[in-house]
$ cat my_file-v9.txt   # compact mmCIF, C-alpha atoms and all ligand atoms
# COMPACT_ATOMS: atom_id res chain seq x y z
CA MET A 21 64.97 -21.09 -24.25
CA GLN A 22 63.41 -18.64 -26.72
CA ASN A 23 60.18 -20.56 -26.77
CA LYS A 24 60.08 -20.67 -22.99
CA HIS A 25 60.42 -16.89 -22.79
CA LEU A 26 57.67 -16.39 -25.32
CA PHE A 27 55.49 -18.75 -23.39
CA LEU A 28 55.88 -16.62 -20.27
CA LEU A 29 55.53 -13.30 -22.08
CA LEU A 30 52.31 -14.05 -23.90
CA PRO A 31 49.94 -14.14 -20.91
CA ALA A 32 51.57 -10.98 -19.51
CA MET A 33 51.10 -9.11 -22.79
CA LEU A 34 47.53 -10.27 -23.08
CA GLY A 35 46.87 -8.99 -19.57
CA ILE A 36 48.26 -5.57 -20.44
CA CYS A 37 46.11 -5.36 -23.59
CA ILE A 38 42.92 -6.20 -21.71
CA TRP A 39 43.78 -3.76 -18.93
CA THR A 40 44.54 -0.90 -21.35
CA CYS A 41 41.33 -0.96 -23.34
CA SER A 42 38.81 -3.73 -23.18
CA SER A 43 36.92 -2.48 -26.25
CA THR A 44 39.82 -1.82 -28.62
CA PRO A 45 41.38 -4.66 -30.61
CA ALA A 46 44.95 -5.39 -29.52
CA SER A 47 46.27 -4.57 -33.00
CA ASP A 48 45.06 -0.96 -32.61
CA LEU A 49 47.03 -0.35 -29.45
CA THR A 50 50.54 -0.19 -30.86
CA ASN A 51 50.51 2.83 -33.15
CA ASN A 52 46.90 3.63 -33.89
CA PRO A 53 45.26 5.08 -30.78
CA SER A 54 41.48 5.32 -31.04
CA ILE A 55 41.45 8.82 -29.58
CA GLN A 56 43.55 11.47 -31.24
CA VAL A 57 44.01 14.63 -29.22
CA MET A 58 45.62 17.61 -30.88
CA SER A 59 46.82 20.19 -28.41
CA ASN A 60 48.05 23.73 -28.74
CA SER A 61 49.97 24.75 -25.66
CA ASN A 62 49.16 28.46 -26.18
CA SER A 63 45.41 27.96 -25.75
CA THR A 64 43.08 26.44 -23.20
CA PRO A 65 42.52 22.72 -23.76
CA SER A 66 38.77 23.03 -24.20
CA ASP A 67 39.30 25.51 -27.01
CA THR A 68 41.56 23.52 -29.28
CA ASP A 69 41.68 19.85 -28.33
CA LYS A 70 39.76 17.67 -30.76
CA VAL A 71 38.62 14.12 -30.25
CA VAL A 72 38.72 12.43 -33.65
CA LYS A 73 37.41 8.88 -34.12
CA SER A 74 36.26 6.85 -37.10
CA LYS A 75 32.61 5.77 -37.44
CA GLU A 76 33.63 2.28 -36.37
CA GLU A 77 35.38 3.58 -33.27
CA TRP A 78 32.38 5.71 -32.28
CA ALA A 79 30.09 2.74 -32.81
CA LYS A 80 32.20 0.73 -30.37
CA CYS A 81 32.16 3.23 -27.52
CA LEU A 82 28.57 4.57 -27.83
CA THR A 83 25.26 2.78 -27.40
CA THR A 84 23.06 2.45 -30.50
CA GLU A 85 20.83 5.33 -29.37
CA GLU A 86 23.78 7.55 -28.40
CA TYR A 87 25.30 6.91 -31.83
CA ARG A 88 22.00 7.70 -33.60
CA VAL A 89 21.76 11.11 -31.90
CA LEU A 90 25.42 12.16 -31.48
CA ARG A 91 26.86 10.92 -34.77
CA ASP A 92 23.78 10.67 -37.04
CA HIS A 93 22.06 13.89 -35.90
CA GLY A 94 19.05 12.07 -34.48
CA THR A 95 16.56 13.38 -31.94
CA GLU A 96 15.26 11.53 -28.91
CA ARG A 97 11.51 11.52 -28.30
CA ALA A 98 10.25 14.35 -26.07
CA PHE A 99 9.66 13.53 -22.39
CA THR A 100 11.65 10.28 -22.66
CA GLY A 101 15.21 11.44 -21.87
CA GLU A 102 17.00 11.30 -18.55
CA PHE A 103 17.36 15.07 -18.03
CA TRP A 104 14.25 16.95 -19.26
CA ASP A 105 12.87 16.93 -15.68
CA HIS A 106 16.22 16.80 -13.87
CA HIS A 107 16.93 19.47 -11.25
CA ASP A 108 20.20 18.53 -9.50
CA LYS A 109 23.01 21.07 -9.27
CA GLY A 110 26.00 20.27 -11.46
CA VAL A 111 27.35 20.22 -14.98
CA TYR A 112 26.05 18.37 -18.04
CA THR A 113 28.94 16.90 -20.03
CA CYS A 114 29.27 15.49 -23.55
CA ALA A 115 28.42 11.76 -23.68
CA GLY A 116 30.97 11.42 -26.48
CA CYS A 117 34.04 13.09 -24.99
CA GLY A 118 33.25 14.42 -21.49
CA LEU A 119 33.54 18.14 -22.31
CA GLU A 120 31.48 20.38 -19.98
CA LEU A 121 28.53 21.67 -22.02
CA PHE A 122 25.78 23.15 -19.83
CA GLY A 123 25.48 24.14 -16.16
CA SER A 124 22.40 23.50 -14.03
CA GLU A 125 22.21 27.24 -13.24
CA THR A 126 21.23 27.99 -16.86
CA LYS A 127 18.67 25.18 -17.12
CA PHE A 128 15.00 26.14 -17.29
CA ASP A 129 11.70 24.35 -17.79
CA SER A 130 10.77 24.97 -21.41
CA GLY A 131 7.82 22.58 -21.42
CA THR A 132 9.18 20.91 -24.56
CA GLY A 133 10.23 17.60 -22.98
CA TRP A 134 13.92 18.19 -23.73
CA PRO A 135 16.48 19.67 -21.31
CA SER A 136 16.74 23.37 -22.12
CA TYR A 137 19.35 25.98 -21.23
CA PHE A 138 19.64 29.70 -21.91
CA ALA A 139 23.45 29.57 -22.28
CA PRO A 140 26.28 27.04 -22.64
CA TYR A 141 28.66 26.34 -19.75
CA ASP A 142 31.44 27.93 -21.80
CA LYS A 143 30.74 29.50 -25.19
CA ASN A 144 33.96 27.90 -26.49
CA ASN A 145 32.66 24.39 -25.75
CA VAL A 146 29.78 24.38 -28.22
CA GLU A 147 29.60 25.21 -31.93
CA ILE A 148 26.58 26.30 -33.94
CA SER A 149 25.97 25.37 -37.55
CA ARG A 150 23.07 25.70 -40.00
CA ASP A 151 20.80 22.68 -40.28
CA ASN A 152 18.49 22.59 -43.27
CA SER A 153 16.92 19.17 -42.68
CA LEU A 154 13.16 18.63 -42.23
CA GLY A 155 12.51 21.51 -44.62
CA MET A 156 13.29 24.23 -42.10
CA LEU A 157 16.39 26.22 -41.31
CA ARG A 158 17.55 25.60 -37.76
CA GLU A 159 20.75 26.25 -35.85
CA GLU A 160 22.36 23.01 -34.80
CA VAL A 161 24.39 22.78 -31.59
CA HIS A 162 27.32 20.43 -31.40
CA CYS A 163 30.24 19.68 -29.12
CA ARG A 164 33.30 21.61 -30.16
CA ARG A 165 35.70 18.88 -29.07
CA CYS A 166 34.23 15.76 -30.67
CA GLY A 167 31.69 17.29 -33.08
CA GLY A 168 28.85 15.29 -31.52
CA HIS A 169 25.33 16.50 -32.33
CA LEU A 170 23.64 17.86 -29.19
CA GLY A 171 20.42 19.55 -30.35
CA HIS A 172 19.31 22.95 -31.66
CA VAL A 173 19.25 26.54 -30.42
CA PHE A 174 16.25 28.86 -30.83
CA ASP A 175 15.61 32.54 -30.16
CA ASP A 176 12.62 32.11 -27.85
CA GLY A 177 14.50 31.53 -24.59
CA PRO A 178 14.29 33.49 -21.34
CA ARG A 179 16.43 36.40 -20.24
CA PRO A 180 19.27 37.26 -20.02
CA THR A 181 20.22 35.72 -23.40
CA GLY A 182 16.86 35.07 -25.06
CA LYS A 183 18.31 31.76 -26.32
CA ARG A 184 16.87 28.29 -25.85
CA TYR A 185 19.39 25.49 -26.24
CA CYS A 186 17.16 22.46 -26.78
CA ILE A 187 19.39 19.45 -26.11
CA ASN A 188 18.97 15.68 -26.24
CA SER A 189 19.46 14.07 -22.82
CA ILE A 190 21.19 11.12 -24.41
CA SER A 191 23.94 13.37 -25.77
CA MET A 192 24.96 14.20 -22.22
CA ASP A 193 26.12 12.80 -18.90
CA PHE A 194 25.82 14.64 -15.59
CA LYS A 195 28.45 15.58 -13.00
CA LYS A 196 26.88 16.47 -9.65
CA LYS A 197 28.41 19.39 -7.76
ZN ZN A 201 32.07 15.91 -27.19

$ encode --input "my_file-v9.txt" --output "structure tokens"
Amino acid sequence: MQNKHLFLLLPAMLGICIWTCSSTPASDLTNNPSIQVMSNSNSTPSDTDKVVKSKEEWAKCLTTEEYRVLRDHGTERAFTGEFWDHHDKGVYTCAGCGLELFGSETKFDSGTGWPSYFAPYDKNNVEISRDNSLGMLREEVHCRRCGGHLGHVFDDGPRPTGKRYCINSISMDFKKK
């Protein structure tokens, strides 16, 4: 009898595993979720939730080029990305975790070949850090929730902020409004 039950259970369990996450090995599903979200009920979710994944987990859910830019601080070639000449109304979200990063109302044509914005969608959704690579000091912009590298911010943007957030298209998705 025991064997018979097992025989019936196995296909059902397999089905559940495939339905839950096609890209995560079944052994990870029990007590090792690939996305760890830490919440603080006193704050807004975008402020405190973090998406934490290992290198291997990021490699599984991002394309090679997305991984190179978001996780390895790469830069896409100018005038090659999806959004440098994109003018629809909506919100640009993080390709790593979906957090809303930039709104179309702050986008401007910088002539650089990268999508450029004079302000983030919400100042709590991006973080700035010092980047000393390539022999010059630059301010790096990354997603506050998953830490993904987005691009750099410069002080030669238009009014009202004077900032130019120079962002890789591949670091973002777009939600039309
Ligand atoms: Zn993110």

$ closest_residue --input "my_file-v9.txt" --among "A:Cys114, A:Val161, A:Leu170, A:Leu154" --to "ligand ZN 201 (chain A)" --atoms "all atoms listed in the file"
A:Cys114

$ closest_residue --input "my_file-v9.txt" --among "A:His169, A:His162, A:Arg184, A:Lys109" --to "Tyr137 in chain A" --atoms "only C-alpha atoms"
A:Arg184

$ residues_near_ligand --input "my_file-v9.txt" --ligand "ligand ZN 201 (chain A)" --cutoff "7 Å" --atoms "only C-alpha atoms and all ligand atoms" --output "PDB file with C-alpha atoms, in the coordinates of the input"
ATOM      1  CA  CYS A 114      29.270  15.490 -23.550  1.00  0.00           C
ATOM      2  CA  ALA A 115      28.420  11.760 -23.680  1.00  0.00           C
ATOM      3  CA  GLY A 116      30.970  11.420 -26.480  1.00  0.00           C
ATOM      4  CA  CYS A 117      34.040  13.090 -24.990  1.00  0.00           C
ATOM      5  CA  GLY A 118      33.250  14.420 -21.490  1.00  0.00           C
ATOM      6  CA  LEU A 119      33.540  18.140 -22.310  1.00  0.00           C
ATOM      7  CA  CYS A 163      30.240  19.680 -29.120  1.00  0.00           C
ATOM      8  CA  ARG A 164      33.300  21.610 -30.160  1.00  0.00           C
ATOM      9  CA  ARG A 165      35.700  18.880 -29.070  1.00  0.00           C
ATOM     10  CA  CYS A 166      34.230  15.760 -30.670  1.00  0.00           C
ATOM     11  CA  GLY A 167      31.690  17.290 -33.080  1.00  0.00           C
ATOM     12  CA  GLY A 168      28.850  15.290 -31.520  1.00  0.00           C
TER      13      GLY A 168
END

$ atom_distance --input "my_file-v9.txt" --atom1 "CA of Tyr112 in chain A" --atom2 "CA of Arg97 in chain A"
19.1 Å

$ atom_distance --input "my_file-v9.txt" --atom1 "CA of Phe138 in chain A" --atom2 "CA of Gly123 in chain A"
9.9 Å

$ closest_residue --input "my_file-v9.txt" --among "A:Thr100, A:Ser124, A:Thr95, A:Ser149" --to "Phe194 in chain A" --atoms "all atoms listed in the file"
A:Ser124

$ atom_distance --input "my_file-v9.txt" --atom1 "CA of Val89 in chain A" --atom2 "CA of Gly171 in chain A"
8.7 Å

$ residues_near_point --input "my_file-v9.txt" --point "(18.2, 21.8, -29.0)" --cutoff "6 Å" --atoms "only C-alpha atoms" --output "PDB file with C-alpha atoms, in the frame of the given file"
ATOM      1  CA  GLY A 171      20.420  19.550 -30.350  1.00  0.00           C
ATOM      2  CA  HIS A 172      19.310  22.950 -31.660  1.00  0.00           C
ATOM      3  CA  VAL A 173      19.250  26.540 -30.420  1.00  0.00           C
ATOM      4  CA  TYR A 185      19.390  25.490 -26.240  1.00  0.00           C
ATOM      5  CA  CYS A 186      17.160  22.460 -26.780  1.00  0.00           C
ATOM      6  CA  ILE A 187      19.390  19.450 -26.110  1.00  0.00           C
TER       7      ILE A 187
END

$ residues_around --input "my_file-v9.txt" --residues "Thr83 in chain A" --least-positions-apart "5" --cutoff "10 Å" --atoms "all atoms listed in the file" --output "list in words"
Trp78, Arg88 and Ile190 of chain A

$ closest_residue --input "my_file-v9.txt" --among "A:Gly94, A:Asp129, A:Phe122, A:Lys73" --to "His107 in chain A" --atoms "all atoms listed in the file"
A:Asp129

$ residues_near_point --input "my_file-v9.txt" --point "(22.5, 31.6, -26.1)" --cutoff "12 Å" --atoms "all atoms listed in the file" --output "PyMOL selection string"
chain A and resi 122+126-127+136-143+146-148+159+161+172-186

$ residues_around --input "my_file-v9.txt" --residues "Lys195 in chain A" --least-positions-apart "4" --cutoff "8 Å" --atoms "only C-alpha atoms" --output "short mmCIF file (atom, residue, chain, number, x, y, z; two decimals) with C-alpha atoms, keeping the file's coordinate frame"
data_model
loop_
_atom_site.label_atom_id
_atom_site.label_comp_id
_atom_site.auth_asym_id
_atom_site.auth_seq_id
_atom_site.Cartn_x
_atom_site.Cartn_y
_atom_site.Cartn_z
CA GLY A 110 26.00 20.27 -11.46
CA VAL A 111 27.35 20.22 -14.98
CA TYR A 112 26.05 18.37 -18.04
CA THR A 113 28.94 16.90 -20.03
#
